[in-house]
Amino acid sequence: MLKYLIPLALFLVLVVFLAIGLGRDPHEVPSPLINKSAPAFRLAQLKDPSKTFSSEDMRGKVWILNVWASWCVSCRDEHPLLIEYARTGAVPIYGLNWKDKPEDALGWLAELGDPYVLSAADLDGRIAIDYGVYGAPETYLIDQSGTIRFKQIGPLTPDVWSNKILPLVQELNRQGTSR
Amino acid sequence: MIRSLLISVLLLGAVAPFAFAKEAQPAGDDPAVEQRLHKLSQELRCLVCQNETLADSRADLAEDLRREIREQIKAGKSDKEIIEFLTARYGQFILYRPQVTPTTYLLWFGPFVLLLGGLFLLFTYIKQRRDSVSEKPLSVEERRRAEELLASPSGKETT
């Protein structure tokens with residue numbers, strides 16, 4: 001009896017491993033930046049290049065940095081959700097416009113609406129490299145101390161927004177006010 | 001008419017190589033830097049097209065990362081520092097040969113553990129078989145039957 005059970009058990013273990021492997025998206029590479037401080041940057045604002053935006057400006061606030069570009073197809077899919085979430089005012093959403101032509105980016109916002117408090121223009125993609133961006137859209141949740149608490153690779157989904165991001169935002173805000 | 005056509009085709013042929021020459025990648029000015037960049041980027045994975053090295057990939061991100069590495073080489077950073085810079089941002093995944101850390105023990109040593117396990121099973125199996133299949137000499141009756149079978153012309157059992 002044991003003679004048959006051992007191979008069966010080994011087979012089942014193999015099946016479980018393969019099932020987990022198949023269920024995973026190989027394009028989702030876990031970021032080593034989670035719970036590390038968000039790389040500092042200062043960039044020109046997309047809408048008014050004479051002004052700058054810095055990650056330091058956001059100290060003491062919980063905020064979202066969303067990496068987007070007008071050439072990015074999935075960003076277009078994600079966009080209506082961002083508009084909706086921005087309207088709720090649960091957490092301020094800032095954009096990092098990644099390797100985009102400013103005129104294309106501005107046209108995109110004019111056509112589809114602008115969910116961002118403001119967008120910073122990362123023209124040559126250097127800041128994106130600091131953030132370990134490899135495929136837009138990517139979304140970072142950054143806390144009061146400037147620590148990255150969550151990263152979504154690929155478009156946000158209602159599930160991720162309401163089950164991961166919103167609870168984290170609430171918890172962070174509660175901690176922030178009690179301190 | 002035909003002659004002028006032929007001439008224009010020939011002329012086009014003469015110009016075409018220059019048209020393609022423009023497509024070449026802008027090579028760096030310092031061959032030593034380029035060589036180090038090439039060597040280093042062959043160890044690195046392009047995160048967009050994950051089965052390509054950073055050296056081979058034509059993805060935008062790969063180009064940006066190569067530019068970043070080129071600049072860091074020029075700034076006098078060591079290979080180790082550059083790899084640390086990249087893994088801090090993109091994780092171990094960017095390395096084709098991940099470092100040996102507790103999280104990658106299974107990856108590095110798993111195959112050897114499996115090999116040792118397989119060898120162990122094989123040897124115990126062989127030993128068991130050898131113990132169970134002991135060589136007994138044939139009895140007189142068995143030997144007679146065997147000879148009978150060998151002697152029968154068709155080679156088939158006749159009883």
# chains A, B, ... in the order shown; residues from 1 in each chain; ligands from 1
>>> interface_residues(of="chain B", to="chain A", cutoff="6 Å", atoms="only C-alpha atoms", output="ChimeraX atom specification")
/B:89-91
>>> write_last_selection(atoms="C-alpha atoms", output="PDB file, in the first residue's frame")
ATOM      1  CA  ARG B  89      15.381  48.571  -7.873  1.00  0.00           C
ATOM      2  CA  TYR B  90      14.342  45.503  -9.822  1.00  0.00           C
ATOM      3  CA  GLY B  91      15.108  42.694  -7.400  1.00  0.00           C
TER       4      GLY B  91
END
>>> closest_atom_pairs(of="stretch 139-166 of chain A", to="stretch 49-58 of chain A", cutoff="12 Å", atoms="only C-alpha atoms", output="tab-separated table")
residue	atom	partner	partner_atom	distance
A:Leu141	CA	A:Met58	CA	11.9
A:Ile142	CA	A:Met58	CA	9.0
A:Asp143	CA	A:Met58	CA	9.0
A:Gln144	CA	A:Met58	CA	7.6
A:Ser145	CA	A:Met58	CA	9.0
A:Gly146	CA	A:Met58	CA	7.7
A:Thr147	CA	A:Ser55	CA	10.8
A:Ile148	CA	A:Ser55	CA	11.6
>>> select_by_dssp(residues="stretch 11-81 of chain A", states="alpha helix (DSSP H)", output="list in words")
Phe11, Leu12, Val13, Leu14, Val15, Val16, Phe17, Leu18, Ala19, Ile20, Gly21, Leu22, Gly23, Val73, Ser74, Cys75, Arg76, Asp77, Glu78, His79, Pro80 and Leu81 of chain A
>>> write_last_selection(atoms="C-alpha atoms", output="PDB file, in the first residue's frame")
ATOM      1  CA  PHE A  11       2.793  13.404  -7.792  1.00  0.00           C
ATOM      2  CA  LEU A  12       0.313  15.498  -5.819  1.00  0.00           C
ATOM      3  CA  VAL A  13       3.110  17.723  -4.513  1.00  0.00           C
ATOM      4  CA  LEU A  14       4.261  18.211  -8.101  1.00  0.00           C
ATOM      5  CA  VAL A  15       0.712  19.047  -9.201  1.00  0.00           C
ATOM      6  CA  VAL A  16       0.379  21.646  -6.450  1.00  0.00           C
ATOM      7  CA  PHE A  17       3.675  23.286  -7.441  1.00  0.00           C
ATOM      8  CA  LEU A  18       2.727  23.327 -11.104  1.00  0.00           C
ATOM      9  CA  ALA A  19      -0.731  24.698 -10.311  1.00  0.00           C
ATOM     10  CA  ILE A  20       0.793  27.550  -8.310  1.00  0.00           C
ATOM     11  CA  GLY A  21       3.283  28.150 -11.103  1.00  0.00           C
ATOM     12  CA  LEU A  22       0.573  28.284 -13.742  1.00  0.00           C
ATOM     13  CA  GLY A  23      -1.594  30.608 -11.708  1.00  0.00           C
ATOM     14  CA  VAL A  73      -2.401  50.843 -23.933  1.00  0.00           C
ATOM     15  CA  SER A  74      -3.233  49.414 -20.493  1.00  0.00           C
ATOM     16  CA  CYS A  75      -3.134  52.939 -19.051  1.00  0.00           C
ATOM     17  CA  ARG A  76      -6.109  53.740 -21.242  1.00  0.00           C
ATOM     18  CA  ASP A  77      -7.961  50.768 -19.746  1.00  0.00           C
ATOM     19  CA  GLU A  78      -7.101  51.870 -16.250  1.00  0.00           C
ATOM     20  CA  HIS A  79      -7.946  55.508 -16.805  1.00  0.00           C
ATOM     21  CA  PRO A  80     -11.725  55.507 -16.123  1.00  0.00           C
ATOM     22  CA  LEU A  81     -11.084  53.813 -12.777  1.00  0.00           C
TER      23      LEU A  81
END
>>> closest_residue(among="B:Ser41, B:Thr104, B:Gln50, B:Ser152", to="B:Gln92", atoms="only C-alpha atoms")
B:Thr104
>>> atom_distance(atom1="atom CA of B:Ala59", atom2="atom CA of B:Cys46")
8.0 Å
>>> atom_distance(atom1="atom CA of B:Gln35", atom2="atom CA of B:Thr87")
21.3 Å
>>> atom_distance(atom1="atom CA of A:Gln152", atom2="atom CA of B:Leu106")
27.0 Å
